[in-house]
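Undergrad: Mind looking over this structure? Questions follow.
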Amino acid sequence: MSERSTTPDSDSPATNFVRELVEADVKAGKARGRVGTRFPPEPNGYLHIGHAKSICLNFGLAQKFGGTCNLRLDDTNPLAESEEYVRSIIEDVHWLGFDFGERLYFASDYFLQIYEWAEQLVRQGKAYVDDRGLEEIRSSRGNFYAVGQESPYRSRSIEENLDLLKRMRAGEFGDGERVLRAKIDMSSANQNMRDPVMYRIRHATHHRTGDTWCLYPMYDWAHGLCDAIENITHSVCTLEFEDHRPLYDWFLLTLGIEGDKKPQQIEFARLNLTYTVLSKRRLQQLVEEKLVSSWDDPRMPTLAGMRRRGFTPESIRKFCDQIGVSKREGTVEVQLLEFIQREDLNQRCRRAMGVLRPLKVTIENWPSDRTEYVELLNHPEYPERGTRRVPFSGTLFVEQDDFREVAPPKWYRLTPGQEVRLRGACLVTCKSVRKDADGKVVELRCEYDPNSWGGQAPDGRRVKGTLHWVSAAHAVDAEVRLYDRLFSTEYPMAGPEGTNWRNAVNQNSLEICPDAKLEASLASAPVLDRLQLERLGYFCVDRETTPERVVLNRTLELKDAWAKLEKKLGCP
RNA sequence: UCCGACGUCGUCUAAAGGCAGGACAAGGGACUUUGAAUCCCUGAAUCAUGGUUCGAAUCCAUGCGCCGGAACCA
């Protein structure tokens with residue numbers, strides 16, 4: 001009978017309480033079974049992974065029940081909002097993979113209708129103009145423990161209220177001189193019901209309506225009305241609006257919008273992620289205070305940042321499916337996000353070789369003018385994705401990290417006298433080391449086994465280490481940017497009293513390798529192209545790439561069993 | 001001191017009165033021309049107390065804990 005999915009062992013997402021509520025409404029025939037949702041961001045910042053959760057929920061609901069999901073820009077506060085943000089929001093929703101077709105709306109499109117409803121409320125004796133200033137109104141609202149006091153203007157006549165409201169709209173009053181308030185209950189335990197402000201006066205230019213209005217509706221006043229105008233059936237929002245639901249309902253019901261016409265507000269727990277902050281305000285501070293380079297800095301949890309970092313929209317959606325939707329506030333470990341990205345990138349990305357911090361290797365018994373080509377699989381699990389020819393010569397670069405003059409236990413890589421495999425090419429042994437005046441190793445002198453071409457030991461001897469390499473003469477110069485978590489603590493906002501969250505910013509979240517060397521096939525990789533550099537991680541071509549120099553962002557490292565082992569051996 | 005929510009492995013999430021399951025993380029092993037991937041294994045939870053019931057994570061009561069709420073922000 002029930003269609004609840006139980007324990008999905010596939011990637012089919014489990015159901016959630018919102019979906020179940022909607023499903024019950026559909027079955028009960030509410031709104032004749034139609035489902036309408038919306039994603040309503042305020043254009044005052046870039047969208048982040050937390051918004052992705054909401055986008056997936058809302059668009060997912062529409063998809064699941066054959067309904068529609070609108071993108072609505074909630075632009076009721078001209079002081080905070082801008083067109084740049086509108087542009088980025090539209091781009092990011094599209095990139096995430098959701099199509100809202102023609103259903104792109106703006107709260108500001110409804111300003112006239114909302115105003116007319118305000119007049120209706122005044123005529124019903126349910127709203128009044130308060131002449132007092134912000135401080136007076138605030139202090140008369142009471143607090144958690146004390147009820148509020150009624151405004152002396154609360155009992156004005158309907159005629160006077162109507163006149164005043166019209167004059168407010170006409171611009172007769174200055175900012176903050178008067179507000180329109182709903183007449184509800186100053187003694188309500190829910191402070192949202194203590195005659196909330198509906199309209200404030202702001203002589204400000206709106207990015208869409210210009211100077212048409214000097215009256216701007218508050219969120220509580222506008223939101224439910226916008227939902228009603230758009231025939232939203234289920235208005236999904238985050239938990240902090242739970243206390244606002246009685247007000248949401250009051251406005252609608254008082255205006256006579258009820259039954260199937262009245263949208264239902266449902267609240268769910270917003271996303272929190274470890275090692276991350278997810279609040280537009282904090283993200284904006286990171287940008288403004290130059291703690292990151294921009295809203296799309298690859299360390300940012302914004303969709304723009306994650307896109308530039310190399311994350312795929314598919315795997316962000318998958319992440320949103322996997323974390324579920326509930327009313328329990330919690331914090332998802334960022335490792336889950338990383339796991340899902342790696343899982344996706346592993347399947348998707350072609351392999352290539354590149355060296356981040358080059359160390360010169362000379363193969364002494366290799367003829368100096370000889371170049372061979374090795375044919376390497378583009379993807380080890382999918383031979384059908386083809387191969388590429390990679391040039392090999394007697395002067396190579398390997399990773400500085402792959403050489404230790406004194407080898408620790410279990411070291412399978414280069415160290416004097418130890419044989420290693422150069423991926424796809426041959427077995428080599430380090431014979432000697434050259435150092436500069438400071439004692440820094442600047443070159444490895446090696447010999448290769450001519451019978452090992454291809455990388456196979458001729459006598460079946462075990463060679464455990466396999467290293468990536470790039471032929472010096474054929475290498476492409478690149479700058480590679482290595483990113484780490486933006487914050488060095490799991491809960492950046494949870495420091496002891498008085499701690500500044502900015503102190504939790506990871507000072508080493510960006511490391512630049514300016515002299516990286518890539519295999520020749522990467523010379524003309526397009527911006528946003530993703531690939532795996534074997535043994536190093538997943539990378540994405542940055543938009544700052546020029547014809548002279550490739551710039552790569554490291555999306556994520558590969559899992560590193562050696563780093564783990566070394567750590568374990570190093571600190572017992 | 002008020003109002004509204006929420007308490008299930010370390011984390012997220014299932015179980016709608018009937019076997020507490022999955023994923024990530026952690027630990028161990030196999031395999032390996034990426035110390036990757038893949039495969040196998042292990043440990044790990046119902047906030048507490050009382051009640052209802054043949055049977056409670058689930059219903060009831062009380063307590064405790066945690067989150068949100070006192071913008072002319074959203």
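For the structure tokens, the naming scheme is as follows: chains receive sequential letters (A, B, ...) according to their order of presentation, residues are indexed from 1 within each chain, and ligands are indexed from 1 in presentation order.
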Output as a PyMOL selection string all residues of stretch 192-428 of chain A that backbone DSSP marks as strand (DSSP E).
TA: chain A and resi 197-201+215-217+234-238+264-268+350-352+354-355+358-363+372-377+387-392+395-399+419-422+426-428
Undergrad: Could you save those same residues with N, CA and C atoms as a compact mmCIF listing (two decimals), in the first residue's frame?
TA:
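Writing done, so here's again.txt:
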```txt
# COMPACT_ATOMS: atom_id res chain seq x y z
N VAL A 197 5.08 44.81 11.62
CA VAL A 197 5.17 45.82 10.57
C VAL A 197 4.96 45.17 9.21
N MET A 198 4.11 45.78 8.40
CA MET A 198 3.87 45.27 7.05
C MET A 198 4.66 46.07 6.01
N TYR A 199 4.60 47.40 6.18
CA TYR A 199 5.30 48.27 5.23
C TYR A 199 6.19 49.25 5.96
N ARG A 200 7.37 49.48 5.41
CA ARG A 200 8.21 50.54 5.91
C ARG A 200 8.47 51.47 4.73
N ILE A 201 8.79 52.71 5.06
CA ILE A 201 9.07 53.70 4.01
C ILE A 201 10.57 53.71 3.74
N LEU A 215 7.47 52.52 -0.64
CA LEU A 215 6.92 51.64 0.38
C LEU A 215 7.38 50.22 0.04
N TYR A 216 8.06 49.58 0.95
CA TYR A 216 8.50 48.21 0.65
C TYR A 216 7.96 47.24 1.70
N PRO A 217 7.39 46.13 1.25
CA PRO A 217 6.77 45.19 2.18
C PRO A 217 7.80 44.37 2.93
N HIS A 234 2.74 24.27 -1.62
CA HIS A 234 3.57 23.92 -0.48
C HIS A 234 4.76 24.87 -0.44
N SER A 235 4.78 25.68 0.57
CA SER A 235 5.80 26.72 0.69
C SER A 235 6.85 26.24 1.69
N VAL A 236 7.93 25.70 1.13
CA VAL A 236 8.94 25.06 1.98
C VAL A 236 10.01 26.07 2.37
N CYS A 237 10.30 26.12 3.65
CA CYS A 237 11.31 27.05 4.12
C CYS A 237 12.08 26.41 5.29
N THR A 238 13.02 27.15 5.84
CA THR A 238 13.84 26.57 6.90
C THR A 238 13.24 26.84 8.28
N GLN A 264 0.63 26.11 2.01
CA GLN A 264 0.97 25.60 3.34
C GLN A 264 2.46 25.73 3.55
N GLN A 265 2.82 26.37 4.65
CA GLN A 265 4.25 26.51 4.94
C GLN A 265 4.76 25.28 5.66
N ILE A 266 5.87 24.73 5.18
CA ILE A 266 6.48 23.56 5.81
C ILE A 266 7.95 23.89 6.04
N GLU A 267 8.42 23.61 7.24
CA GLU A 267 9.80 23.97 7.58
C GLU A 267 10.70 22.74 7.71
N PHE A 268 11.92 22.86 7.22
CA PHE A 268 12.90 21.79 7.37
C PHE A 268 14.21 22.37 7.88
N ARG A 350 39.14 11.69 -17.21
CA ARG A 350 40.23 11.01 -17.88
C ARG A 350 41.48 11.16 -17.02
N ARG A 351 42.46 10.28 -17.24
CA ARG A 351 43.69 10.33 -16.46
C ARG A 351 44.77 11.05 -17.25
N ALA A 352 45.66 11.69 -16.53
CA ALA A 352 46.81 12.31 -17.18
C ALA A 352 47.91 12.37 -16.14
N GLY A 354 51.05 14.73 -14.40
CA GLY A 354 51.58 16.07 -14.20
C GLY A 354 52.39 16.06 -12.92
N VAL A 355 53.35 16.95 -12.86
CA VAL A 355 54.22 17.01 -11.69
C VAL A 355 54.07 18.38 -11.05
N PRO A 358 58.52 19.89 -9.49
CA PRO A 358 59.39 19.04 -10.32
C PRO A 358 60.77 18.79 -9.70
N LEU A 359 61.23 17.56 -9.85
CA LEU A 359 62.59 17.19 -9.50
C LEU A 359 63.16 16.51 -10.75
N LYS A 360 64.28 17.05 -11.21
CA LYS A 360 64.87 16.54 -12.45
C LYS A 360 65.44 15.14 -12.27
N VAL A 361 65.15 14.29 -13.25
CA VAL A 361 65.70 12.94 -13.25
C VAL A 361 66.42 12.73 -14.57
N THR A 362 67.67 12.29 -14.48
CA THR A 362 68.39 11.96 -15.70
C THR A 362 68.63 10.46 -15.72
N ILE A 363 68.26 9.84 -16.82
CA ILE A 363 68.47 8.41 -16.93
C ILE A 363 69.78 8.21 -17.70
N GLU A 372 60.81 8.08 -26.83
CA GLU A 372 59.87 6.98 -27.08
C GLU A 372 58.49 7.45 -26.68
N TYR A 373 57.48 6.77 -27.17
CA TYR A 373 56.12 7.11 -26.76
C TYR A 373 55.49 5.93 -26.05
N VAL A 374 54.88 6.22 -24.93
CA VAL A 374 54.16 5.14 -24.25
C VAL A 374 52.68 5.39 -24.43
N GLU A 375 51.96 4.31 -24.61
CA GLU A 375 50.52 4.44 -24.83
C GLU A 375 49.80 4.15 -23.52
N LEU A 376 49.07 5.13 -23.04
CA LEU A 376 48.41 4.99 -21.74
C LEU A 376 46.90 5.08 -21.90
N LEU A 377 46.25 4.28 -21.08
CA LEU A 377 44.79 4.29 -21.05
C LEU A 377 44.28 5.63 -20.48
N THR A 387 43.15 5.66 -25.66
CA THR A 387 44.49 5.80 -25.13
C THR A 387 45.11 7.09 -25.67
N ARG A 388 46.24 7.45 -25.12
CA ARG A 388 46.97 8.60 -25.62
C ARG A 388 48.46 8.24 -25.60
N ARG A 389 49.23 8.90 -26.47
CA ARG A 389 50.66 8.63 -26.55
C ARG A 389 51.40 9.70 -25.77
N VAL A 390 52.21 9.26 -24.81
CA VAL A 390 52.91 10.21 -23.94
C VAL A 390 54.42 10.07 -24.17
N PRO A 391 55.06 11.19 -24.49
CA PRO A 391 56.49 11.12 -24.80
C PRO A 391 57.35 10.85 -23.55
N PHE A 392 58.37 10.01 -23.76
CA PHE A 392 59.30 9.65 -22.70
C PHE A 392 60.72 9.90 -23.20
N THR A 395 65.47 12.76 -19.92
CA THR A 395 65.41 13.81 -18.91
C THR A 395 63.95 14.03 -18.54
N LEU A 396 63.67 13.75 -17.30
CA LEU A 396 62.28 13.74 -16.86
C LEU A 396 62.12 14.61 -15.63
N PHE A 397 60.86 14.85 -15.30
CA PHE A 397 60.54 15.42 -13.98
C PHE A 397 59.72 14.40 -13.21
N VAL A 398 60.08 14.25 -11.96
CA VAL A 398 59.20 13.49 -11.06
C VAL A 398 58.87 14.41 -9.89
N GLU A 399 58.00 13.93 -9.03
CA GLU A 399 57.54 14.72 -7.89
C GLU A 399 58.62 14.76 -6.82
N GLU A 419 64.54 0.38 -6.59
CA GLU A 419 63.94 0.38 -7.93
C GLU A 419 62.47 0.75 -7.87
N VAL A 420 62.07 1.61 -8.79
CA VAL A 420 60.65 1.98 -8.87
C VAL A 420 60.20 1.90 -10.33
N ARG A 421 58.90 1.94 -10.51
CA ARG A 421 58.36 1.93 -11.87
C ARG A 421 57.93 3.33 -12.25
N LEU A 422 58.29 3.74 -13.45
CA LEU A 422 57.74 4.96 -14.00
C LEU A 422 56.52 4.52 -14.80
N CYS A 426 59.02 2.22 -17.66
CA CYS A 426 60.08 1.28 -17.35
C CYS A 426 60.42 1.33 -15.88
N LEU A 427 61.31 0.43 -15.48
CA LEU A 427 61.78 0.40 -14.10
C LEU A 427 63.10 1.16 -14.02
N VAL A 428 63.23 2.00 -13.02
CA VAL A 428 64.47 2.75 -12.86
C VAL A 428 64.96 2.64 -11.41
```
Undergrad: Enumerate, in order of chain and increasing residue number, the residues of chain B with an atom no farther than 8 Å from chain A, each with its shortest atom pair and distance in Å to one decimal, counting only C-alpha atoms (C1' of nucleotides), as JSON lines.
TA:
```
{"residue": "B:U1", "atom": "C1'", "partner": "A:Tyr145", "partner_atom": "CA", "distance": 6.9}
{"residue": "B:C2", "atom": "C1'", "partner": "A:Tyr145", "partner_atom": "CA", "distance": 4.6}
{"residue": "B:C3", "atom": "C1'", "partner": "A:Ala189", "partner_atom": "CA", "distance": 5.4}
{"residue": "B:G4", "atom": "C1'", "partner": "A:Asp243", "partner_atom": "CA", "distance": 6.0}
{"residue": "B:A5", "atom": "C1'", "partner": "A:Glu242", "partner_atom": "CA", "distance": 7.7}
{"residue": "B:C6", "atom": "C1'", "partner": "A:Arg328", "partner_atom": "CA", "distance": 5.6}
{"residue": "B:U11", "atom": "C1'", "partner": "A:Glu333", "partner_atom": "CA", "distance": 5.8}
{"residue": "B:C12", "atom": "C1'", "partner": "A:Ile323", "partner_atom": "CA", "distance": 5.6}
{"residue": "B:U13", "atom": "C1'", "partner": "A:Gly324", "partner_atom": "CA", "distance": 6.3}
{"residue": "B:A14", "atom": "C1'", "partner": "A:Thr7", "partner_atom": "CA", "distance": 6.4}
{"residue": "B:G21", "atom": "C1'", "partner": "A:Thr7", "partner_atom": "CA", "distance": 7.0}
{"residue": "B:G22", "atom": "C1'", "partner": "A:Thr7", "partner_atom": "CA", "distance": 6.2}
{"residue": "B:A23", "atom": "C1'", "partner": "A:Gln322", "partner_atom": "CA", "distance": 7.7}
{"residue": "B:C24", "atom": "C1'", "partner": "A:Leu336", "partner_atom": "CA", "distance": 5.1}
{"residue": "B:A25", "atom": "C1'", "partner": "A:Gln335", "partner_atom": "CA", "distance": 7.4}
{"residue": "B:U33", "atom": "C1'", "partner": "A:Arg423", "partner_atom": "CA", "distance": 6.0}
{"residue": "B:U34", "atom": "C1'", "partner": "A:Arg535", "partner_atom": "CA", "distance": 4.9}
{"residue": "B:G35", "atom": "C1'", "partner": "A:Trp562", "partner_atom": "CA", "distance": 5.0}
{"residue": "B:A36", "atom": "C1'", "partner": "A:Leu558", "partner_atom": "CA", "distance": 6.3}
{"residue": "B:A37", "atom": "C1'", "partner": "A:Asn346", "partner_atom": "CA", "distance": 7.6}
{"residue": "B:C67", "atom": "C1'", "partner": "A:Glu329", "partner_atom": "CA", "distance": 7.2}
{"residue": "B:G68", "atom": "C1'", "partner": "A:Glu240", "partner_atom": "CA", "distance": 5.6}
{"residue": "B:G69", "atom": "C1'", "partner": "A:Asp243", "partner_atom": "CA", "distance": 6.9}
{"residue": "B:A70", "atom": "C1'", "partner": "A:Asn143", "partner_atom": "CA", "distance": 4.6}
{"residue": "B:C72", "atom": "C1'", "partner": "A:Arg200", "partner_atom": "CA", "distance": 5.1}
{"residue": "B:A74", "atom": "C1'", "partner": "A:Tyr219", "partner_atom": "CA", "distance": 6.4}
```
Undergrad: Write out, as a short mmCIF file (atom, residue, chain, number, x, y, z; two decimals), in the first residue's frame, the residues just selected, with C-alpha atoms (C1' of nucleotides).
TA:
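Writing done, so here's again.cif:
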```cif
data_model
loop_
_atom_site.label_atom_id
_atom_site.label_comp_id
_atom_site.auth_asym_id
_atom_site.auth_seq_id
_atom_site.Cartn_x
_atom_site.Cartn_y
_atom_site.Cartn_z
"C1'" U B 1 11.51 33.31 33.91
"C1'" C B 2 8.13 33.12 28.06
"C1'" C B 3 6.91 30.80 23.08
"C1'" G B 4 8.01 27.20 19.22
"C1'" A B 5 10.71 22.97 17.55
"C1'" C B 6 14.09 18.91 17.99
"C1'" U B 11 28.18 12.26 11.47
"C1'" C B 12 23.72 12.29 8.36
"C1'" U B 13 19.50 9.34 7.87
"C1'" A B 14 15.76 4.90 7.93
"C1'" G B 21 18.97 -0.83 8.91
"C1'" G B 22 21.98 2.15 5.25
"C1'" A B 23 25.72 5.69 3.85
"C1'" C B 24 30.00 8.53 5.32
"C1'" A B 25 33.81 8.39 8.93
"C1'" U B 33 51.60 -0.71 -13.43
"C1'" U B 34 47.62 5.39 -9.59
"C1'" G B 35 49.84 3.69 -1.73
"C1'" A B 36 43.79 5.51 -6.44
"C1'" A B 37 39.67 2.60 -7.74
"C1'" C B 67 18.34 24.82 18.59
"C1'" G B 68 15.37 29.02 17.04
"C1'" G B 69 12.61 33.48 18.47
"C1'" A B 70 12.64 40.08 21.40
"C1'" C B 72 11.15 49.24 9.90
"C1'" A B 74 15.11 37.44 5.02
#
```
Undergrad: Ranking A:Leu57, A:Ala475, A:Ala525, A:Val551 by minimum distance to A:Phe319 and counting only C-alpha atoms, which one comes first?
TA: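 With only C-alpha atoms as the atom set, the closest residue is A:Leu57.
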Undergrad: Counting only C-alpha atoms (C1' of nucleotides), what is within 9 Å of A:Asp227, bar same-chain residues fewer than 6 positions away, as a PyMOL selection string?
TA: chain A and resi 37-38+233-235+262-263
Undergrad: I need the chosen residues saved as a PDB file, in the first residue's frame, with C-alpha atoms.
TA:
```
ATOM      1  CA  THR A  37       6.588  24.856  -5.088  1.00  0.00           C
ATOM      2  CA  ARG A  38       9.060  27.662  -5.323  1.00  0.00           C
ATOM      3  CA  THR A 233       0.614  24.707  -2.720  1.00  0.00           C
ATOM      4  CA  HIS A 234       3.569  23.918  -0.478  1.00  0.00           C
ATOM      5  CA  SER A 235       5.796  26.717   0.688  1.00  0.00           C
ATOM      6  CA  LYS A 262      -3.961  28.821   0.676  1.00  0.00           C
ATOM      7  CA  PRO A 263      -0.374  27.620   0.441  1.00  0.00           C
TER       8      PRO A 263
END
```
Undergrad: Quote the spacing between atom CA of A:Gly386 and atom CA of A:Leu356 in Å to one decimal place.
TA: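 Between atom CA of A:Gly386 and atom CA of A:Leu356 the gap is 25.4 Å.
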Undergrad: Quick check, in Å to one decimal: how far apart do atom CA of A:Val470 and atom CA of A:Leu518 lie?
TA: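 Those two atoms sit 6.5 Å apart.
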Undergrad: For each of B:U8, B:U32, B:U38, B:C19, take the minimum atom-to-atom distance to B:A57, counting only C-alpha atoms (C1' of nucleotides), then give the residue where this is smallest.
TA: B:U8
Undergrad: Using only C-alpha atoms, which of A:Ile89, A:Lys27, A:Met193, A:Gln120 sits nearest A:Phe65?
TA: A:Lys27
Undergrad: What is the atom CA of A:Asp484-atom CA of A:Thr555 distance in Å, reported with one decimal?
TA: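 Taking atom CA of A:Asp484 and atom CA of A:Thr555, their separation equals 9.2 Å.
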Undergrad: Measuring atom to atom with only C-alpha atoms, identify which of A:Gln284, A:Asn272, A:Thr415, A:Ser432 is nearest to A:Glu364.
TA: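 Nearest to A:Glu364: A:Ser432.
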